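K.L.:
Here it is, the structure, as structure tokens.
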There are 4 protein chains.
Amino acid sequence: MTDFNILRSAIAEFLVTDLDAAREFYCSALGFLLIEETGSALYLGGLEERDKYSLILRKAEAPGLAAISFKVESERDLEALARLADNENLPCRWIDTGAQPGKGKALRLHDPGGIPLEFFCQIEQRDWYLQKFRHHRGARIMRIDHFNCMVRDVAQSHEWYTGKLGFHCSELTDTKENPPRPWAVWLHRKQNVHDIALMNGIGPRLHHVGFWASDRVSILDACDVLAACGFAKNIERGPGRHGISNAFFLYLRDPDGNRIEIYTGDYLITEWNRPPVRWDIDNPMRQTFWGHTPPKSWFDEAALVKNILTDEFMPTGEALLTHRPSYVI
Amino acid sequence: MTDFNILRSAIAEFLVTDLDAAREFYCSALGFLLIEETGSALYLGGLEERDKYSLILRKAEAPGLAAISFKVESERDLEALARLADNENLPCRWIDTGAQPGKGKALRLHDPGGIPLEFFCQIEQRDWYLQKFRHHRGARIMRIDHFNCMVRDVAQSHEWYTGKLGFHCSELTDTKENPPRPWAVWLHRKQNVHDIALMNGIGPRLHHVGFWASDRVSILDACDVLAACGFAKNIERGPGRHGISNAFFLYLRDPDGNRIEIYTGDYLITEWNRPPVRWDIDNPMRQTFWGHTPPKSWFDEAALVKNILTDEFMPTGEALLTHRPSYVI
Amino acid sequence: MTDFNILRSAIAEFLVTDLDAAREFYCSALGFLLIEETGSALYLGGLEERDKYSLILRKAEAPGLAAISFKVESERDLEALARLADNENLPCRWIDTGAQPGKGKALRLHDPGGIPLEFFCQIEQRDWYLQKFRHHRGARIMRIDHFNCMVRDVAQSHEWYTGKLGFHCSELTDTKENPPRPWAVWLHRKQNVHDIALMNGIGPRLHHVGFWASDRVSILDACDVLAACGFAKNIERGPGRHGISNAFFLYLRDPDGNRIEIYTGDYLITEWNRPPVRWDIDNPMRQTFWGHTPPKSWFDEAALVKNILTDEFMPTGEALLTHRPSYVI
Amino acid sequence: MTDFNILRSAIAEFLVTDLDAAREFYCSALGFLLIEETGSALYLGGLEERDKYSLILRKAEAPGLAAISFKVESERDLEALARLADNENLPCRWIDTGAQPGKGKALRLHDPGGIPLEFFCQIEQRDWYLQKFRHHRGARIMRIDHFNCMVRDVAQSHEWYTGKLGFHCSELTDTKENPPRPWAVWLHRKQNVHDIALMNGIGPRLHHVGFWASDRVSILDACDVLAACGFAKNIERGPGRHGISNAFFLYLRDPDGNRIEIYTGDYLITEWNRPPVRWDIDNPMRQTFWGHTPPKSWFDEAALVKNILTDEFMPTGEALLTHRPSYVI
């Protein structure tokens, strides 16, 4: 039992080299709401969200991830998380209130696998677009859903997120070793399959940020609009259905190569103590219940992440587990 | 066998009292393409259409219908239709090339029930929006599908359309008399259920113009956008499914009370000689396979139609058949 | 802060006079899974659920509701709830383990408005049908979502559920009085709009039990199958969209008149302290964002509920608030 | 102008090695109606069809195609087609009435490219499942839509189908030569994009038979059910959207490798003389408006076709045009 309450995945901050290209992709084609725009960043949101924004696109020299951000219940939780970082010697710093538009003070730290995390509790509320249907366009993105990260040592990170941060494991892929080790884990705080997934791989890197759509048709409509806007090649994988999470998915690369998933059709989880759904690493339906073989890029490419103290990209290292599932090319 | 070839229902010309209100309803909310606009009329089209327009909204003192228009194969067909009108002493006049934007010469005449018909063979082609998905909005109207008219004597009109114009009957409601008389008929030239339906009622009046959508979700999306734009009360009936035609339907009243149907899910008919599907007039699933009881307005209200010679509204008369189906309130 | 943890709405127990008719309606037409069947009851479940069942149809002389049941985290929670009932002099009794198939011991009590509640923490798990798509039919019911009850004094019940049971209010209709009083409230424990709604009316009665579908198309498919199976008249209201909750809805009456809602398209709520969405009682979009006027039966009819001690139906009384919203016929 | 009237594509006769496996795939998973079954063949139909069947699966030593069959208006048309075959020295024979269940006499002949065609005008009518929604399952196949054939000389076949059989060309891919030659053509008699497509390739072979679904969701549901039934690997390509025809598609291989397409979202064509939509052979959106790169098998593999006189498979020859579009791997 933790002495703080992490509510959910809340904001991703991507680095992009061309704000105009990003605006065209995310807003004009995909239908994200453009909430605020400065010379150096775009602040985007989904139709169901009431927090000011859930996706920051910051102008930078090179693409990548600045941080993934979780909302916590109160400032007391931020203090408790700062103490945790201190106890564990994790790099950590405070972000001032208002450093980002409308957001209260925030804590950034690196998890044991090197992923840059942010925690905050207060953010300005904005107009709610849930019933402003005239503004529902493209993929009709409803809300941010989850982060998917590649780390060198899934077991270590899994232990930390569940043991120290109070995440719960909904689904799990084990290695074939005896005893098995976790190859990939889906961890949640809110009541669906995940707020964060951790996959064995070259890390620390961000594989994708998942956004939630209401139904499959919205995802198909997104494909049509993307293609009509010249973004057919930005569709990297899907549409298809995952075995894990049961999600109907579409993976996109933004003009800088940052990857997002449009995601729908997982399920509600109200009992923390339910044992995770376990998948055999070589079960071909685990990754792809049905759908095309993913391209090599989907397995191999992921975004570099920033060091929260130096603003340099974090160096990456090889994965601990070297087995490749049989369905990976 | 006729010596001319009527291709399909093609254009409806509605009279509206407020072009701005009409534009807001048809274009901003429903997503019709605004192809051309003059001080006195709007010319609208659907996403699948390549002919310049399929709906004309003409500024007038009072709402109603100027004419419903069918496309024929060639000018020879127009001449043959003029001869037919002459032989049958039907009021008739020619419309000059260009009297409406981009349209070749046209023939207007009144059918024996008094409905103002137009025939033309040539119209300017325009950009095709079928794959311009960024412009697909609201109900994603694909194309005009059919006209539904109320006439005093369905048997007489039925005889004329099938015997003289070469229409075929796909579905039929008979009276319970012996022998039965047609209460309502669905007639087609193109290969789906109808280009024109004739219903027993106070006539001549136009009940509605039907437009085709690709799927049910587009019709539900239209409801959301209409309501969000303040047009919730303009939804008169539906969504629901008709027994006749199997169509999934939504009936709307425009700001002037002119009625349109958004329609999807009927079926292909490639054999002219297939016997019509017959429905018992008191079968409650005939009108409403499922769905709410239609409001009284749906049964009682319909648009007055113009005399093509005088430009006055045609006087109406009582229906010949006075039976009311048991499910009509 | 309560000293127990109610997880979510979990089971409804309806009384039906004809099990065969009920099976035909719920299983053959609507596609509920039939999990277990005894001579006196059917135990049904949804495709996403892993608990053994969520709907009990018990053979009885007259239709109505035996109880609505919430799942709690642990047996300790049941004990705490028993103490609460005792402290508040609420009628209360224990149900033995196994009195219903696969279910651990349960506590039944009446809330201050007279609604019969059950709480349990343990129930047998069953095969998961989420990915057994061959068995997805009809409305493709995913899971139980909520209970909607009519009570004489919404303010009193609201106070009890939020103050004593730890429910949170997501949406709210106030009276026009000064100060306003709650006319109807939507209360949740799980992270969507509600587990229970309380509406001002003749009470105690159950208005409906809500079941969740994945998307709007599943609800339209349900209409088609219901009508094809002879249940067109069991569709009482909808499809349409509520303003409150944003749900796309369909209301059905089972062959005994018990009412269920098929429900989709509300939203995630992860912050308990978010102020409720407030609706003006006379806002016509509150009840019906778009859709037909509900029939009188929808406002007037509701199921009687059983006294948990005597097994007699609870007597009902008039509502405290007598205002009728202007859009109610 | 021909002196006969071909109505539409009507029946495909596939050869399969295992009727049980075929039944499981086509009926249990995909939801085709099983209309009649003999020891040596299955006769399947779609939900919208009223002709007895549209797909014959005949037990054979090796998979392949026996014939593709077109419905004509009358027996007079069959006689005229027999004269045409005679005039052109095309192999031809009559099939007796009743040689296939419920079907009148039929004419089989080879087109100039070697494809085995059948023509018939009379077939038994059966129960209509359009509104028997309880039987709508899997892909909810509505009707047969088209045949897609690979032939050595598209120009020659194109000439024959349009010049001699009265087909019209809706869409077209030209080579880059000067003057260009047709690389692939989409030809129709009924009023949508095609009844038969001809593609340049090793021929004569059948690439696929297309079946029509009402909407995209039915196609996605088919993927779910196929995967749940163990047929995930039988999904060869898609879902995606073609540039040509605008169809939303899914390509499947049956247990014997015969290929079908589930197809929706093309458009109505009522004017024969409309110039075809032309596509550049190297336009990547021609084949795939959006969607994964097709697997090599989709380009290379196709079904052998039977000689109608000898019942041997027709020998194949290389395509005349050797250019490969740049997007073909």
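Identifiers in this document derive from the order of the structure tokens: chains are assigned A, B, ..., residues are numbered from 1 separately in each chain, and ligands are numbered from 1 in order of occurrence.
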Near C:Gly243, within 12 Å and counting only C-alpha atoms, which residues show up once chain neighbours fewer than 2 positions away are dropped, as an MDAnalysis selection string?
P.N.:
(chainID A and resid 130:132) or (chainID B and resid 224 227:228 232) or (chainID C and resid 171:173 240:241 245:249 265:266 277:281 283:291)
K.L.:
Based on the selection just made, write C-alpha atoms of those residues as an mmCIF file, in the first residue's frame.
P.N.:
data_model
loop_
_atom_site.group_PDB
_atom_site.id
_atom_site.type_symbol
_atom_site.label_atom_id
_atom_site.label_comp_id
_atom_site.auth_asym_id
_atom_site.auth_seq_id
_atom_site.Cartn_x
_atom_site.Cartn_y
_atom_site.Cartn_z
ATOM 1 C CA LEU A 130 -17.684 15.611 -25.444
ATOM 2 C CA GLN A 131 -21.001 16.900 -26.777
ATOM 3 C CA LYS A 132 -19.649 19.522 -29.164
ATOM 4 C CA ASP B 224 -25.199 14.039 -32.814
ATOM 5 C CA ALA B 227 -28.363 18.188 -31.916
ATOM 6 C CA ALA B 228 -25.072 19.898 -31.118
ATOM 7 C CA ALA B 232 -32.468 18.318 -32.318
ATOM 8 C CA GLU C 171 -23.981 14.380 -12.765
ATOM 9 C CA LEU C 172 -26.906 16.082 -11.124
ATOM 10 C CA THR C 173 -30.290 17.619 -11.854
ATOM 11 C CA GLY C 240 -31.139 8.037 -28.873
ATOM 12 C CA ARG C 241 -28.566 9.956 -26.913
ATOM 13 C CA SER C 245 -23.924 10.868 -19.190
ATOM 14 C CA ASN C 246 -23.682 11.334 -22.973
ATOM 15 C CA ALA C 247 -24.868 7.739 -23.310
ATOM 16 C CA PHE C 248 -26.239 6.330 -26.534
ATOM 17 C CA PHE C 249 -29.178 4.349 -25.199
ATOM 18 C CA GLY C 265 -20.603 6.043 -24.945
ATOM 19 C CA ASP C 266 -20.313 7.609 -21.504
ATOM 20 C CA VAL C 277 -22.028 18.176 -14.198
ATOM 21 C CA ARG C 278 -25.209 20.138 -13.417
ATOM 22 C CA TRP C 279 -28.315 20.123 -15.598
ATOM 23 C CA ASP C 280 -31.314 22.399 -15.500
ATOM 24 C CA ILE C 281 -34.414 20.297 -14.876
ATOM 25 C CA ASN C 283 -33.333 21.627 -20.271
ATOM 26 C CA PRO C 284 -34.831 19.412 -22.974
ATOM 27 C CA MET C 285 -31.371 18.113 -23.896
ATOM 28 C CA ARG C 286 -30.836 16.785 -20.385
ATOM 29 C CA GLN C 287 -32.889 13.637 -20.949
ATOM 30 C CA THR C 288 -32.813 13.571 -24.720
ATOM 31 C CA PHE C 289 -29.811 15.108 -26.431
ATOM 32 C CA TRP C 290 -31.586 13.801 -29.510
ATOM 33 C CA GLY C 291 -34.274 11.191 -29.997
#
K.L.:
Which residues are near A:Asp153? Cut-off 7 Å, only C-alpha atoms, ignore same chain within fewer than 4 positions. Put them as a PyMOL selection string.
P.N.:
chain A and resi 113+157+200+319-320
K.L.:
If you keep N, CA and C atoms, can you produce a file of those selected residues as a CSV table (one decimal), in the first residue's frame?
P.N.:
chain,number,residue,atom,x,y,z
A,113,GLY,N,14.4,2.2,-14.7
A,113,GLY,CA,14.8,1.8,-16.1
A,113,GLY,C,15.3,3.0,-16.9
A,157,SER,N,11.7,-3.1,-13.4
A,157,SER,CA,10.7,-2.0,-13.6
A,157,SER,C,9.4,-2.4,-13.1
A,200,ASN,N,10.3,-5.7,-22.9
A,200,ASN,CA,11.8,-6.0,-23.0
A,200,ASN,C,12.3,-5.4,-24.3
A,319,ALA,N,18.7,-5.1,-24.3
A,319,ALA,CA,17.7,-5.8,-23.4
A,319,ALA,C,18.4,-6.9,-22.7
A,320,LEU,N,17.9,-7.2,-21.5
A,320,LEU,CA,18.5,-8.3,-20.7
A,320,LEU,C,18.1,-9.7,-21.3
K.L.:
Show me, as CSV, the residues of stretch 170-283 of chain C having an atom within 7 Å of stretch 28-45 of chain C, each with the closest atom pair and its distance in Å, using only C-alpha atoms.
P.N.:
residue,atom,partner,partner_atom,distance
C:Ala222,CA,C:Leu30,CA,6.2
C:Val225,CA,C:Ala29,CA,6.0
C:Leu226,CA,C:Ala29,CA,5.6
C:Cys229,CA,C:Ala29,CA,6.5
K.L.:
Can you check which residues of stretch 3-187 of chain D DSSP gives as helix (DSSP H, G or I) on the backbone and send them as a ChimeraX atom specification?
P.N.:
/D:19-29,75-87,133-135,154-163
K.L.:
Using 8 Å as the limit and counting only C-alpha atoms, can you tabulate each residue of chain D that touches chain B, with its shortest atom-to-atom distance in Å and the two atoms involved, as a tab-separated table?
P.N.:
residue	atom	partner	partner_atom	distance
D:Leu7	CA	B:Thr270	CA	6.3
D:Arg8	CA	B:Thr270	CA	7.4
D:Glu48	CA	B:Tyr267	CA	6.9
D:Glu73	CA	B:Glu271	CA	7.5
D:Leu130	CA	B:Asn246	CA	7.8
D:Gln131	CA	B:Asn246	CA	7.3
D:Lys190	CA	B:Thr270	CA	6.6
D:Gln191	CA	B:Gln191	CA	6.4
D:Ser214	CA	B:Gly265	CA	7.0
D:Asp215	CA	B:Asp215	CA	6.1
D:Asn246	CA	B:Gln131	CA	7.2
D:Gly265	CA	B:Ser214	CA	7.0
D:Tyr267	CA	B:Glu48	CA	6.9
D:Thr270	CA	B:Leu7	CA	6.3
D:Glu271	CA	B:Leu7	CA	7.3
K.L.:
Enumerate, as a ChimeraX atom specification, the complete set of residues in stretch 204-322 of chain D that a backbone-based DSSP assignment places in strand (DSSP E or B).
P.N.:
/D:205-213,235-241,248-253,259-264,277-280,290,303-306,313,317
K.L.:
Could you tell me how far atom CA of A:Ile56 lies from atom CA of A:Ile219, in Å and to one decimal?
P.N.:
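So the answer is 21.7 Å.
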K.L.:
Which neighbours of A:Trp94 fall inside 10 Å, counting only C-alpha atoms, when residues of the same chain fewer than 6 positions from it are skipped, and could you give them as a PyMOL selection string?
P.N.:
chain A and resi 78+82+105-109+118-119
K.L.:
For C-alpha atoms, I'd like the residues from the last selection saved as a short mmCIF file (atom, residue, chain, number, x, y, z; two decimals), in the first residue's frame.
P.N.:
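This is the output file again00.cif:
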data_model
loop_
_atom_site.label_atom_id
_atom_site.label_comp_id
_atom_site.auth_asym_id
_atom_site.auth_seq_id
_atom_site.Cartn_x
_atom_site.Cartn_y
_atom_site.Cartn_z
CA LEU A 78 3.93 14.78 -4.97
CA ALA A 82 9.82 13.15 -4.02
CA LYS A 105 4.02 22.36 -9.77
CA ALA A 106 5.27 19.03 -11.01
CA LEU A 107 7.88 16.50 -10.06
CA ARG A 108 10.11 14.85 -12.66
CA LEU A 109 12.17 11.78 -11.94
CA GLU A 118 6.43 13.49 -14.40
CA PHE A 119 3.82 13.74 -11.67
#
K.L.:
Just to confirm, what's the straight-line distance from atom CA of B:Arg83 to atom CA of B:Gly163 in Å (one decimal)?
P.N.:
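Between atom CA of B:Arg83 and atom CA of B:Gly163 the gap works out to 15.4 Å.
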K.L.:
Give me, please, the distance in Å between atom CA of A:Arg324 and atom CA of A:His110, quoted to one decimal.
P.N.:
27.2 Å
K.L.:
Need to verify the contact set: A:Pro204, 12 Å, only C-alpha atoms, exclusion of same-chain residues closer than 5 positions in sequence. Can you return it as number ranges by chain?
P.N.:
A: 64-65, 67, 110-117, 148-154, 157, 198-199, 302-307, 313-319
K.L.:
Please save N, CA, C and O atoms of the selected residues as a compact mmCIF listing (two decimals), in the first residue's frame.
P.N.:
# COMPACT_ATOMS: atom_id res chain seq x y z
N GLY A 64 11.76 12.84 -30.19
CA GLY A 64 11.95 12.03 -28.99
C GLY A 64 10.92 12.38 -27.95
O GLY A 64 9.93 13.03 -28.25
N LEU A 65 11.19 11.90 -26.74
CA LEU A 65 10.25 12.11 -25.64
C LEU A 65 10.89 12.92 -24.53
O LEU A 65 11.97 12.56 -24.04
N ALA A 67 9.01 13.66 -21.56
CA ALA A 67 8.56 12.97 -20.34
C ALA A 67 7.16 12.43 -20.56
O ALA A 67 6.41 12.92 -21.42
N HIS A 110 13.44 9.96 -12.87
CA HIS A 110 13.65 8.81 -13.75
C HIS A 110 13.29 7.54 -13.00
O HIS A 110 13.70 7.35 -11.85
N ASP A 111 12.54 6.67 -13.65
CA ASP A 111 12.26 5.38 -13.02
C ASP A 111 13.54 4.55 -13.08
O ASP A 111 14.52 4.94 -13.73
N PRO A 112 13.58 3.41 -12.41
CA PRO A 112 14.83 2.63 -12.36
C PRO A 112 15.31 2.21 -13.75
O PRO A 112 16.50 1.97 -13.95
N GLY A 113 14.42 2.15 -14.72
CA GLY A 113 14.83 1.78 -16.07
C GLY A 113 15.27 2.99 -16.88
O GLY A 113 15.67 2.84 -18.04
N GLY A 114 15.17 4.19 -16.31
CA GLY A 114 15.64 5.39 -17.00
C GLY A 114 14.56 6.20 -17.68
O GLY A 114 14.82 7.26 -18.25
N ILE A 115 13.30 5.73 -17.66
CA ILE A 115 12.21 6.47 -18.30
C ILE A 115 11.93 7.76 -17.52
O ILE A 115 11.81 7.72 -16.30
N PRO A 116 11.82 8.91 -18.23
CA PRO A 116 11.55 10.17 -17.53
C PRO A 116 10.06 10.31 -17.22
O PRO A 116 9.24 10.38 -18.13
N LEU A 117 9.74 10.34 -15.93
CA LEU A 117 8.35 10.44 -15.49
C LEU A 117 8.10 11.83 -14.91
O LEU A 117 8.98 12.44 -14.31
N ASN A 148 3.68 3.22 -23.58
CA ASN A 148 4.33 1.92 -23.76
C ASN A 148 5.83 2.15 -23.88
O ASN A 148 6.28 2.84 -24.80
N CYS A 149 6.59 1.58 -22.94
CA CYS A 149 8.03 1.86 -22.85
C CYS A 149 8.84 0.59 -23.05
O CYS A 149 8.42 -0.49 -22.66
N MET A 150 10.01 0.76 -23.63
CA MET A 150 10.94 -0.36 -23.75
C MET A 150 12.04 -0.15 -22.72
O MET A 150 12.65 0.93 -22.66
N VAL A 151 12.27 -1.17 -21.94
CA VAL A 151 13.30 -1.09 -20.91
C VAL A 151 14.18 -2.33 -20.97
O VAL A 151 13.75 -3.39 -21.44
N ARG A 152 15.41 -2.17 -20.47
CA ARG A 152 16.36 -3.28 -20.52
C ARG A 152 15.95 -4.41 -19.58
O ARG A 152 16.15 -5.57 -19.88
N ASP A 153 15.35 -4.03 -18.44
CA ASP A 153 15.08 -5.03 -17.40
C ASP A 153 13.62 -4.88 -16.94
O ASP A 153 13.31 -4.13 -16.03
N VAL A 154 12.76 -5.61 -17.62
CA VAL A 154 11.33 -5.50 -17.31
C VAL A 154 11.04 -5.92 -15.87
O VAL A 154 10.25 -5.29 -15.16
N SER A 157 11.72 -3.08 -13.45
CA SER A 157 10.75 -1.99 -13.55
C SER A 157 9.38 -2.43 -13.06
O SER A 157 8.68 -1.69 -12.37
N LEU A 198 5.37 -2.10 -20.11
CA LEU A 198 6.83 -2.18 -20.17
C LEU A 198 7.18 -3.40 -21.01
O LEU A 198 6.73 -4.50 -20.73
N MET A 199 7.99 -3.17 -22.03
CA MET A 199 8.38 -4.27 -22.92
C MET A 199 9.89 -4.44 -22.87
O MET A 199 10.62 -3.44 -22.84
N ALA A 302 12.01 3.03 -31.77
CA ALA A 302 11.32 3.64 -30.63
C ALA A 302 12.00 4.97 -30.36
O ALA A 302 13.11 5.23 -30.84
N ALA A 303 11.33 5.82 -29.59
CA ALA A 303 11.83 7.18 -29.37
C ALA A 303 12.85 7.22 -28.24
O ALA A 303 12.64 6.60 -27.18
N LEU A 304 13.91 7.96 -28.45
CA LEU A 304 14.86 8.24 -27.38
C LEU A 304 14.17 9.13 -26.35
O LEU A 304 13.25 9.88 -26.68
N VAL A 305 14.63 9.05 -25.11
CA VAL A 305 14.01 9.84 -24.05
C VAL A 305 15.06 10.75 -23.42
O VAL A 305 16.24 10.45 -23.40
N LYS A 306 14.59 11.88 -22.91
CA LYS A 306 15.49 12.91 -22.39
C LYS A 306 15.88 12.63 -20.94
O LYS A 306 15.06 12.15 -20.14
N ASN A 307 17.09 12.97 -20.63
CA ASN A 307 17.53 13.02 -19.24
C ASN A 307 16.91 14.27 -18.62
O ASN A 307 17.05 15.37 -19.15
N PHE A 313 19.72 13.33 -24.52
CA PHE A 313 19.04 12.04 -24.65
C PHE A 313 19.74 11.00 -23.79
O PHE A 313 20.97 11.00 -23.67
N MET A 314 18.97 10.15 -23.18
CA MET A 314 19.53 9.09 -22.34
C MET A 314 20.20 8.06 -23.25
O MET A 314 19.65 7.66 -24.27
N PRO A 315 21.40 7.61 -22.87
CA PRO A 315 22.02 6.51 -23.63
C PRO A 315 21.18 5.24 -23.43
O PRO A 315 20.52 5.09 -22.42
N THR A 316 21.20 4.38 -24.42
CA THR A 316 20.40 3.16 -24.33
C THR A 316 21.32 1.95 -24.20
O THR A 316 22.51 2.02 -24.53
N GLY A 317 20.76 0.87 -23.71
CA GLY A 317 21.51 -0.38 -23.58
C GLY A 317 20.68 -1.55 -24.07
O GLY A 317 19.47 -1.43 -24.24
N GLU A 318 21.34 -2.64 -24.29
CA GLU A 318 20.67 -3.85 -24.80
C GLU A 318 19.69 -4.41 -23.77
O GLU A 318 19.87 -4.25 -22.57
N ALA A 319 18.70 -5.11 -24.27
CA ALA A 319 17.74 -5.77 -23.40
C ALA A 319 18.40 -6.93 -22.67
O ALA A 319 19.35 -7.54 -23.19
K.L.:
Tell me, as a ChimeraX atom specification, which residues lie within 9 Å of C:Asp145, counting only C-alpha atoms; anything in the same chain fewer than 5 positions away does not count.
P.N.:
/C:8-10,192,194-196,209-212,263
K.L.:
Pull C-alpha atoms from the residues just selected and write them as a JSON list (two decimals), in the first residue's frame.
P.N.:
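See out_37.json below for the written result:
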[["chain", "number", "residue", "atom", "x", "y", "z"],
["C", 8, "ARG", "CA", -19.20, -1.56, -8.43],
["C", 9, "SER", "CA", -22.71, -2.57, -9.41],
["C", 10, "ALA", "CA", -22.57, -6.32, -9.97],
["C", 192, "ASN", "CA", -17.57, 5.82, -15.26],
["C", 194, "HIS", "CA", -22.69, 5.69, -12.53],
["C", 195, "ASP", "CA", -23.24, 2.53, -10.60],
["C", 196, "ILE", "CA", -26.56, 3.82, -9.34],
["C", 209, "VAL", "CA", -30.85, -1.95, -14.96],
["C", 210, "GLY", "CA", -28.22, -0.70, -17.43],
["C", 211, "PHE", "CA", -25.97, -3.02, -19.41],
["C", 212, "TRP", "CA", -22.98, -1.85, -21.34],
["C", 263, "TYR", "CA", -25.93, 1.74, -22.86]]
